[in-house]
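Shown next: start.pdb, given as PDB, C-alpha atoms.
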```
ATOM      1  CA  TYR A   1      93.072  78.353  92.737  1.00  0.00           C
ATOM      2  CA  ASN A   2      95.414  75.696  91.339  1.00  0.00           C
ATOM      3  CA  ASP A   3      93.687  75.969  87.940  1.00  0.00           C
ATOM      4  CA  PHE A   4      94.290  79.713  87.904  1.00  0.00           C
ATOM      5  CA  ARG A   5      97.719  79.725  89.488  1.00  0.00           C
ATOM      6  CA  VAL A   6      99.548  78.208  86.515  1.00  0.00           C
ATOM      7  CA  PHE A   7      98.715  81.329  84.487  1.00  0.00           C
ATOM      8  CA  ILE A   8     100.576  83.646  86.856  1.00  0.00           C
ATOM      9  CA  MET A   9     103.609  81.406  87.452  1.00  0.00           C
ATOM     10  CA  GLY A  10     106.914  82.878  86.334  1.00  0.00           C
ATOM     11  CA  ILE A  11     109.525  81.355  84.065  1.00  0.00           C
ATOM     12  CA  LYS A  12     112.457  82.574  86.144  1.00  0.00           C
ATOM     13  CA  GLY A  13     112.907  80.428  89.228  1.00  0.00           C
ATOM     14  CA  ASN A  14     110.862  77.579  87.749  1.00  0.00           C
ATOM     15  CA  ASP A  15     113.601  75.887  85.744  1.00  0.00           C
ATOM     16  CA  GLU A  16     112.124  72.418  86.307  1.00  0.00           C
ATOM     17  CA  ILE A  17     109.054  73.535  84.351  1.00  0.00           C
ATOM     18  CA  PHE A  18     110.446  75.922  81.738  1.00  0.00           C
ATOM     19  CA  GLU A  19     114.054  74.663  81.583  1.00  0.00           C
ATOM     20  CA  ASN A  20     116.023  77.233  79.538  1.00  0.00           C
ATOM     21  CA  GLY A  21     113.221  79.771  79.179  1.00  0.00           C
ATOM     22  CA  VAL A  22     110.496  80.665  76.698  1.00  0.00           C
ATOM     23  CA  ILE A  23     110.694  82.125  73.196  1.00  0.00           C
ATOM     24  CA  TYR A  24     107.968  84.718  72.554  1.00  0.00           C
ATOM     25  CA  ASP A  25     107.040  84.749  68.855  1.00  0.00           C
ATOM     26  CA  GLY A  26     107.590  88.160  67.338  1.00  0.00           C
ATOM     27  CA  VAL A  27     109.297  89.412  70.497  1.00  0.00           C
ATOM     28  CA  SER A  28     112.473  87.425  71.106  1.00  0.00           C
ATOM     29  CA  ASN A  29     114.588  85.054  69.077  1.00  0.00           C
ATOM     30  CA  LYS A  30     116.254  83.622  72.162  1.00  0.00           C
ATOM     31  CA  PRO A  31     114.667  82.082  75.253  1.00  0.00           C
ATOM     32  CA  VAL A  32     113.973  84.609  78.015  1.00  0.00           C
ATOM     33  CA  LYS A  33     113.048  84.258  81.682  1.00  0.00           C
ATOM     34  CA  TYR A  34     110.723  86.516  83.643  1.00  0.00           C
ATOM     35  CA  ARG A  35     109.374  86.212  87.151  1.00  0.00           C
ATOM     36  CA  GLY A  36     105.674  85.646  87.647  1.00  0.00           C
ATOM     37  CA  GLN A  37     102.967  87.706  89.293  1.00  0.00           C
ATOM     38  CA  THR A  38     103.526  88.154  93.012  1.00  0.00           C
ATOM     39  CA  GLY A  39     102.415  90.178  96.001  1.00  0.00           C
ATOM     40  CA  ALA A  40     105.974  91.552  96.111  1.00  0.00           C
ATOM     41  CA  GLN A  41     105.017  93.760  93.143  1.00  0.00           C
ATOM     42  CA  ASP A  42     102.752  95.780  95.424  1.00  0.00           C
ATOM     43  CA  ASN A  43     103.918  99.398  95.787  1.00  0.00           C
ATOM     44  CA  ILE A  44     102.580 100.382  99.220  1.00  0.00           C
ATOM     45  CA  ILE A  45     104.632  97.962 101.331  1.00  0.00           C
ATOM     46  CA  PRO A  46     107.974  98.762  99.609  1.00  0.00           C
ATOM     47  CA  THR A  47     107.174 102.448 100.161  1.00  0.00           C
ATOM     48  CA  VAL A  48     106.597 102.055 103.896  1.00  0.00           C
ATOM     49  CA  ASP A  49     109.556  99.662 104.173  1.00  0.00           C
ATOM     50  CA  ILE A  50     111.819 102.381 102.793  1.00  0.00           C
ATOM     51  CA  PHE A  51     110.189 105.233 104.721  1.00  0.00           C
ATOM     52  CA  THR A  52     110.266 103.477 108.104  1.00  0.00           C
ATOM     53  CA  GLY A  53     113.653 101.828 107.626  1.00  0.00           C
ATOM     54  CA  VAL A  54     112.587  98.173 107.429  1.00  0.00           C
ATOM     55  CA  ILE A  55     114.652  97.932 104.255  1.00  0.00           C
ATOM     56  CA  ASN A  56     117.777  98.374 106.390  1.00  0.00           C
ATOM     57  CA  TYR A  57     116.858  95.182 108.244  1.00  0.00           C
ATOM     58  CA  TYR A  58     116.552  92.993 105.169  1.00  0.00           C
ATOM     59  CA  PRO A  59     119.085  90.164 105.569  1.00  0.00           C
ATOM     60  CA  ILE A  60     121.815  89.835 102.965  1.00  0.00           C
ATOM     61  CA  ASN A  61     120.730  86.650 101.220  1.00  0.00           C
ATOM     62  CA  ASP A  62     119.241  85.338  97.979  1.00  0.00           C
ATOM     63  CA  LEU A  63     115.694  85.998  99.177  1.00  0.00           C
ATOM     64  CA  THR A  64     116.433  89.704  99.503  1.00  0.00           C
ATOM     65  CA  LYS A  65     118.084  89.643  96.070  1.00  0.00           C
ATOM     66  CA  TYR A  66     114.833  88.198  94.680  1.00  0.00           C
ATOM     67  CA  LEU A  67     112.892  91.011  96.333  1.00  0.00           C
ATOM     68  CA  MET A  68     115.099  93.669  94.764  1.00  0.00           C
ATOM     69  CA  ASP A  69     114.894  91.910  91.403  1.00  0.00           C
ATOM     70  CA  LEU A  70     111.085  92.082  91.504  1.00  0.00           C
ATOM     71  CA  ARG A  71     111.210  95.857  91.931  1.00  0.00           C
ATOM     72  CA  SER A  72     112.646  96.127  88.433  1.00  0.00           C
ATOM     73  CA  TYR A  73     109.317  94.802  87.087  1.00  0.00           C
ATOM     74  CA  ARG A  74     107.475  97.958  88.082  1.00  0.00           C
ATOM     75  CA  PRO A  75     106.709 100.908  85.799  1.00  0.00           C
ATOM     76  CA  LYS A  76     109.676 103.288  85.527  1.00  0.00           C
ATOM     77  CA  CYS A  77     107.835 106.045  87.378  1.00  0.00           C
ATOM     78  CA  ILE A  78     107.373 103.752  90.400  1.00  0.00           C
ATOM     79  CA  GLN A  79     110.976 102.565  90.242  1.00  0.00           C
ATOM     80  CA  ASN A  80     112.127 106.196  90.226  1.00  0.00           C
ATOM     81  CA  PHE A  81     109.811 107.058  93.117  1.00  0.00           C
ATOM     82  CA  LEU A  82     111.176 104.233  95.276  1.00  0.00           C
ATOM     83  CA  SER A  83     114.742 105.199  94.362  1.00  0.00           C
ATOM     84  CA  ASP A  84     114.141 108.863  95.222  1.00  0.00           C
ATOM     85  CA  LEU A  85     112.493 107.914  98.516  1.00  0.00           C
ATOM     86  CA  LYS A  86     115.451 105.719  99.434  1.00  0.00           C
ATOM     87  CA  LYS A  87     117.855 108.596  98.766  1.00  0.00           C
ATOM     88  CA  GLU A  88     115.698 110.972 100.815  1.00  0.00           C
ATOM     89  CA  MET A  89     115.449 108.637 103.823  1.00  0.00           C
ATOM     90  CA  GLY A  90     119.142 107.780 103.694  1.00  0.00           C
ATOM     91  CA  ASN A  91     120.598 105.049 105.881  1.00  0.00           C
ATOM     92  CA  ASN A  92     117.638 104.558 108.243  1.00  0.00           C
ATOM     93  CA  ARG A  93     117.335 108.315 108.687  1.00  0.00           C
ATOM     94  CA  LEU A  94     113.971 108.311 110.465  1.00  0.00           C
ATOM     95  CA  PHE A  95     114.899 105.778 113.144  1.00  0.00           C
ATOM     96  CA  LYS A  96     118.334 107.275 113.747  1.00  0.00           C
ATOM     97  CA  THR A  97     116.844 110.750 114.185  1.00  0.00           C
ATOM     98  CA  LEU A  98     114.204 109.534 116.644  1.00  0.00           C
ATOM     99  CA  LYS A  99     116.835 107.558 118.545  1.00  0.00           C
ATOM    100  CA  LYS A 100     119.304 110.438 118.686  1.00  0.00           C
ATOM    101  CA  THR A 101     116.698 112.923 119.898  1.00  0.00           C
ATOM    102  CA  LYS A 102     115.165 110.369 122.292  1.00  0.00           C
ATOM    103  CA  ASN A 103     111.766 111.091 120.752  1.00  0.00           C
ATOM    104  CA  GLU A 104     109.604 108.671 122.713  1.00  0.00           C
ATOM    105  CA  LYS A 105     106.350 109.601 120.982  1.00  0.00           C
ATOM    106  CA  GLY A 106     107.964 109.290 117.553  1.00  0.00           C
ATOM    107  CA  LEU A 107     109.385 105.853 118.409  1.00  0.00           C
ATOM    108  CA  CYS A 108     105.954 104.724 119.612  1.00  0.00           C
ATOM    109  CA  LEU A 109     104.347 105.910 116.382  1.00  0.00           C
ATOM    110  CA  LEU A 110     107.050 104.203 114.327  1.00  0.00           C
ATOM    111  CA  ILE A 111     106.652 100.844 116.069  1.00  0.00           C
ATOM    112  CA  GLN A 112     102.879 101.008 115.528  1.00  0.00           C
ATOM    113  CA  ILE A 113     103.434 101.554 111.799  1.00  0.00           C
ATOM    114  CA  LEU A 114     105.745  98.545 111.782  1.00  0.00           C
ATOM    115  CA  ASP A 115     103.050  96.557 113.562  1.00  0.00           C
ATOM    116  CA  GLU A 116     100.684  97.268 110.656  1.00  0.00           C
ATOM    117  CA  ILE A 117     103.370  96.141 108.198  1.00  0.00           C
ATOM    118  CA  TYR A 118     103.727  92.943 110.206  1.00  0.00           C
ATOM    119  CA  TYR A 119      99.986  92.245 110.083  1.00  0.00           C
ATOM    120  CA  PHE A 120      99.944  92.787 106.317  1.00  0.00           C
ATOM    121  CA  ARG A 121     102.822  90.364 105.815  1.00  0.00           C
ATOM    122  CA  ASN A 122     101.551  87.792 108.290  1.00  0.00           C
ATOM    123  CA  GLY A 123      98.121  87.974 106.630  1.00  0.00           C
ATOM    124  CA  HIS A 124      99.795  87.312 103.280  1.00  0.00           C
ATOM    125  CA  TRP A 125     101.692  84.420 104.875  1.00  0.00           C
ATOM    126  CA  GLN A 126      98.405  82.935 106.106  1.00  0.00           C
ATOM    127  CA  PHE A 127      96.912  83.162 102.598  1.00  0.00           C
ATOM    128  CA  VAL A 128      99.902  81.192 101.300  1.00  0.00           C
ATOM    129  CA  GLN A 129      99.411  78.515 103.956  1.00  0.00           C
ATOM    130  CA  LYS A 130      95.657  78.255 103.421  1.00  0.00           C
ATOM    131  CA  TYR A 131      95.292  78.524  99.653  1.00  0.00           C
ATOM    132  CA  ILE A 132      98.616  77.354  98.208  1.00  0.00           C
ATOM    133  CA  MET A 133     100.493  75.072 100.583  1.00  0.00           C
ATOM    134  CA  ALA A 134      97.277  73.300 101.584  1.00  0.00           C
ATOM    135  CA  ASN A 135      96.706  72.339  97.936  1.00  0.00           C
ATOM    136  CA  THR A 136     100.160  71.622  96.566  1.00  0.00           C
ATOM    137  CA  LYS A 137     103.616  70.605  97.738  1.00  0.00           C
ATOM    138  CA  TYR A 138     105.223  72.529  94.880  1.00  0.00           C
ATOM    139  CA  ALA A 139     108.035  74.432  96.559  1.00  0.00           C
ATOM    140  CA  LYS A 140     108.001  77.617  94.468  1.00  0.00           C
ATOM    141  CA  ALA A 141     105.844  80.723  94.809  1.00  0.00           C
ATOM    142  CA  THR A 142     104.334  82.395  91.722  1.00  0.00           C
ATOM    143  CA  GLY A 143     107.303  84.779  91.552  1.00  0.00           C
ATOM    144  CA  GLY A 144     109.691  81.820  91.402  1.00  0.00           C
ATOM    145  CA  THR A 145     110.875  82.210  95.009  1.00  0.00           C
ATOM    146  CA  PRO A 146     111.039  79.471  97.710  1.00  0.00           C
ATOM    147  CA  ILE A 147     107.506  79.419  99.107  1.00  0.00           C
ATOM    148  CA  ILE A 148     108.384  78.334 102.656  1.00  0.00           C
ATOM    149  CA  SER A 149     111.048  80.949 103.374  1.00  0.00           C
ATOM    150  CA  TRP A 150     110.051  83.863 101.119  1.00  0.00           C
ATOM    151  CA  ILE A 151     107.557  85.804 103.262  1.00  0.00           C
ATOM    152  CA  PRO A 152     109.164  84.774 106.605  1.00  0.00           C
ATOM    153  CA  ASN A 153     112.345  86.488 105.344  1.00  0.00           C
ATOM    154  CA  GLN A 154     110.525  89.828 105.347  1.00  0.00           C
ATOM    155  CA  ILE A 155     108.484  89.127 108.502  1.00  0.00           C
ATOM    156  CA  THR A 156     111.727  88.511 110.403  1.00  0.00           C
ATOM    157  CA  SER A 157     113.083  91.859 109.201  1.00  0.00           C
ATOM    158  CA  VAL A 158     110.063  93.667 110.648  1.00  0.00           C
ATOM    159  CA  LEU A 159     110.221  91.810 113.971  1.00  0.00           C
ATOM    160  CA  ASN A 160     113.940  92.503 114.375  1.00  0.00           C
ATOM    161  CA  PHE A 161     113.373  96.210 113.749  1.00  0.00           C
ATOM    162  CA  MET A 162     110.493  96.299 116.222  1.00  0.00           C
ATOM    163  CA  SER A 163     112.697  94.653 118.853  1.00  0.00           C
ATOM    164  CA  ASP A 164     115.331  97.368 118.440  1.00  0.00           C
ATOM    165  CA  ILE A 165     112.725 100.101 118.782  1.00  0.00           C
ATOM    166  CA  ILE A 166     110.937  98.729 121.834  1.00  0.00           C
ATOM    167  CA  SER A 167     114.272  98.463 123.641  1.00  0.00           C
ATOM    168  CA  LEU A 168     114.436 102.281 123.459  1.00  0.00           C
ATOM    169  CA  ILE A 169     110.903 102.929 124.729  1.00  0.00           C
ATOM    170  CA  PRO A 170     110.385 103.363 128.507  1.00  0.00           C
ATOM    171  CA  ASN A 171     108.300 100.555 130.025  1.00  0.00           C
ATOM    172  CA  ASN A 172     106.050 103.210 131.590  1.00  0.00           C
ATOM    173  CA  SER A 173     105.420 104.986 128.294  1.00  0.00           C
ATOM    174  CA  LYS A 174     102.159 106.922 128.080  1.00  0.00           C
ATOM    175  CA  PHE A 175     101.979 106.499 124.299  1.00  0.00           C
ATOM    176  CA  ILE A 176     101.628 102.695 124.098  1.00  0.00           C
ATOM    177  CA  ASP A 177     100.793  99.825 126.419  1.00  0.00           C
ATOM    178  CA  TYR A 178     104.414  98.739 126.713  1.00  0.00           C
ATOM    179  CA  LYS A 179     103.873  95.396 128.459  1.00  0.00           C
ATOM    180  CA  SER A 180     101.134  94.350 126.046  1.00  0.00           C
ATOM    181  CA  PHE A 181     103.203  95.389 123.048  1.00  0.00           C
ATOM    182  CA  GLN A 182     106.250  93.523 124.314  1.00  0.00           C
ATOM    183  CA  ASN A 183     104.214  90.352 124.943  1.00  0.00           C
ATOM    184  CA  GLN A 184     102.642  90.550 121.495  1.00  0.00           C
ATOM    185  CA  LEU A 185     106.039  90.953 119.889  1.00  0.00           C
ATOM    186  CA  LEU A 186     107.276  87.841 121.670  1.00  0.00           C
ATOM    187  CA  ARG A 187     104.168  85.909 120.566  1.00  0.00           C
ATOM    188  CA  LYS A 188     104.659  86.974 116.943  1.00  0.00           C
ATOM    189  CA  ARG A 189     108.236  85.782 116.963  1.00  0.00           C
ATOM    190  CA  ASN A 190     107.295  82.497 118.644  1.00  0.00           C
ATOM    191  CA  LEU A 191     104.566  81.890 116.049  1.00  0.00           C
ATOM    192  CA  LEU A 192     106.993  82.211 113.164  1.00  0.00           C
ATOM    193  CA  THR A 193     109.635  80.088 114.912  1.00  0.00           C
ATOM    194  CA  LYS A 194     107.154  77.282 115.557  1.00  0.00           C
ATOM    195  CA  GLN A 195     105.788  77.423 112.013  1.00  0.00           C
ATOM    196  CA  LEU A 196     109.234  77.246 110.439  1.00  0.00           C
ATOM    197  CA  LYS A 197     110.140  74.342 112.723  1.00  0.00           C
ATOM    198  CA  LEU A 198     107.112  72.395 111.457  1.00  0.00           C
ATOM    199  CA  LEU A 199     107.892  73.315 107.849  1.00  0.00           C
ATOM    200  CA  ASN A 200     111.447  72.066 108.231  1.00  0.00           C
ATOM    201  CA  ASP A 201     110.000  68.558 108.017  1.00  0.00           C
ATOM    202  CA  ASP A 202     109.561  67.441 104.388  1.00  0.00           C
ATOM    203  CA  ASN A 203     106.316  65.717 105.390  1.00  0.00           C
ATOM    204  CA  TYR A 204     104.892  68.758 107.146  1.00  0.00           C
ATOM    205  CA  ASN A 205     101.167  69.029 107.781  1.00  0.00           C
ATOM    206  CA  VAL A 206     100.132  72.525 106.690  1.00  0.00           C
ATOM    207  CA  THR A 207      96.915  72.272 108.706  1.00  0.00           C
ATOM    208  CA  ASN A 208      99.033  72.192 111.854  1.00  0.00           C
ATOM    209  CA  VAL A 209     101.047  75.160 110.598  1.00  0.00           C
ATOM    210  CA  PHE A 210      97.927  77.189 109.834  1.00  0.00           C
ATOM    211  CA  SER A 211      96.188  76.285 113.102  1.00  0.00           C
ATOM    212  CA  LEU A 212      99.024  77.901 115.065  1.00  0.00           C
ATOM    213  CA  ASN A 213      97.796  81.318 113.883  1.00  0.00           C
ATOM    214  CA  LYS A 214      94.537  80.933 115.780  1.00  0.00           C
ATOM    215  CA  LYS A 215      96.090  79.119 118.749  1.00  0.00           C
ATOM    216  CA  MET A 216      98.498  82.012 119.293  1.00  0.00           C
ATOM    217  CA  GLY A 217      95.912  84.727 118.739  1.00  0.00           C
ATOM    218  CA  LEU A 218      97.398  85.971 115.470  1.00  0.00           C
ATOM    219  CA  SER A 219      94.840  84.698 112.965  1.00  0.00           C
ATOM    220  CA  ASP A 220      93.946  87.043 110.102  1.00  0.00           C
ATOM    221  CA  THR A 221      90.315  85.876 110.173  1.00  0.00           C
TER     222      THR A 221
END
```
Translate the structure described by the file into structure tokens.
Amino acid sequence: YNDFRVFIMGIKGNDEIFENGVIYDGVSNKPVKYRGQTGAQDNIIPTVDIFTGVINYYPINDLTKYLMDLRSYRPKCIQNFLSDLKKEMGNNRLFKTLKKTKNEKGLCLLIQILDEIYYFRNGHWQFVQKYIMANTKYAKATGGTPIISWIPNQITSVLNFMSDIISLIPNNSKFIDYKSFQNQLLRKRNLLTKQLKLLNDDNYNVTNVFSLNKKMGLSDT
């Protein structure tokens, strides 16, 4: 993977490698910087983030700015689709409507969709631990973003949204196993907290970080 990875690394965000950028013969006379290939260029997850309202839980920080920047790398038709969808869903329209109407079934369906988004992102996070961080201490992801905090930024957004939703669902709901869902949500948050605590040490052991997935019953395998 390390042999292949250098070919999808971006210029932007990797200043220590590319310094002031790259001049493309026959294309540009001045150095330019582009981000590399990344899972953030997927179209399905941004679509469901906007539709469900996860996008409204993105923290205001540089990591979110990176995420928005990567959306500009998509074909124009996809950019327009995401923009139109955002206008249609408004400021967390779906969640606010379900909350206002006290639609228990709708809230239960919404939190289950968010659960699937979580598993996608946590699975991606496990791939990063297993195939990248286990082989290199280089701190940047292929898109030029900080590898340790990039995916956790989005995972936290999903977990925070799920916490707000479950607080509105009766604990005797007939649509989900409330107690089980609540316990799982707590375990997911604890997993990320423990992983980030380990990664806060410059001499972290990624094997210990990865093993927490299985220990806490959240392994993608």
| request: Do a neighbour search on A:Glu104 at 12 Å with all atoms listed in the file, toss out local chain neighbours closer than 2 positions, and write the hits as a list in words. | output: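 Those residues are Phe95, Thr97, Leu98, Lys99, Lys100, Thr101, Lys102, Gly106, Leu107, Cys108, Leu109, Leu110, Ile111, Ile165, Ile166, Ser167, Leu168, Ile169, Pro170, Asn171, Asn172, Ser173, Lys174, Phe175, Ile176 and Tyr178 of chain A.
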| message | Using all atoms listed in the file for the distances, tell me which of A:Asn91, A:Gln129, A:Thr136, A:Asn205 is nearest to A:Asp220. | response |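 Closest residue, counting all atoms listed in the file: A:Gln129.
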| field | Between atom CA of A:Ala40 and atom CA of A:Phe161, distance in Å (one decimal) | value |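 Separation of atom CA of A:Ala40 and atom CA of A:Phe161: 19.7 Å.
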A:Tyr118 environment, 10 Å, all atoms listed in the file, sequence neighbours closer than 6 positions dropped, as a compact mmCIF listing (two decimals) with C-alpha atoms, keeping the file's coordinate frame:
```txt
# COMPACT_ATOMS: atom_id res chain seq x y z
CA GLN A 112 102.88 101.01 115.53
CA HIS A 124 99.80 87.31 103.28
CA GLN A 154 110.52 89.83 105.35
CA ILE A 155 108.48 89.13 108.50
CA THR A 156 111.73 88.51 110.40
CA SER A 157 113.08 91.86 109.20
CA VAL A 158 110.06 93.67 110.65
CA LEU A 159 110.22 91.81 113.97
CA MET A 162 110.49 96.30 116.22
CA LYS A 188 104.66 86.97 116.94
```
| Atom pair atom CA of A:Gln182 / atom CA of A:Ser211: separation (Å) |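 Atom CA of A:Gln182 sits 22.9 Å away from atom CA of A:Ser211.
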Spatial sel., origin (102.1, 88.6, 117.7), limit 10 Å, all atoms listed in the file, listed as a short mmCIF file (atom, residue, chain, number, x, y, z; two decimals) with C-alpha atoms, in the coordinates of the input:
```
data_model
loop_
_atom_site.label_atom_id
_atom_site.label_comp_id
_atom_site.auth_asym_id
_atom_site.auth_seq_id
_atom_site.Cartn_x
_atom_site.Cartn_y
_atom_site.Cartn_z
CA ASP A 115 103.05 96.56 113.56
CA TYR A 118 103.73 92.94 110.21
CA TYR A 119 99.99 92.24 110.08
CA ASN A 122 101.55 87.79 108.29
CA LEU A 159 110.22 91.81 113.97
CA PHE A 181 103.20 95.39 123.05
CA GLN A 182 106.25 93.52 124.31
CA ASN A 183 104.21 90.35 124.94
CA GLN A 184 102.64 90.55 121.50
CA LEU A 185 106.04 90.95 119.89
CA LEU A 186 107.28 87.84 121.67
CA ARG A 187 104.17 85.91 120.57
CA LYS A 188 104.66 86.97 116.94
CA ARG A 189 108.24 85.78 116.96
CA ASN A 190 107.30 82.50 118.64
CA LEU A 191 104.57 81.89 116.05
CA LEU A 192 106.99 82.21 113.16
CA ASN A 213 97.80 81.32 113.88
CA MET A 216 98.50 82.01 119.29
CA GLY A 217 95.91 84.73 118.74
CA LEU A 218 97.40 85.97 115.47
CA SER A 219 94.84 84.70 112.96
#
```
| query | Given the choices A:Ile50, A:Met133, A:Met9, A:Val206, which gets closest to A:Lys86 if the distance is worked out from all atoms listed in the file? | reply |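 Nearest candidate to A:Lys86 out of A:Ile50, A:Met133, A:Met9, A:Val206: A:Ile50.
Closest to A:Ile11 among A:Ile44, A:Ser28, A:Lys87, A:Thr142 is A:Thr142, based on all atoms listed in the file.
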| request: Would you work out the distance separating atom CA of A:Asn160 from atom CA of A:Ile117, expressed in Å to one decimal? | output: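 Answer for the atom CA of A:Asn160 to atom CA of A:Ile117 separation: 12.8 Å.
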| Applied to this file, what does the PyMOL selection byres ((chain A and resi 57-64) around 10) return in terms of residues, put as a count of residues only? | 27
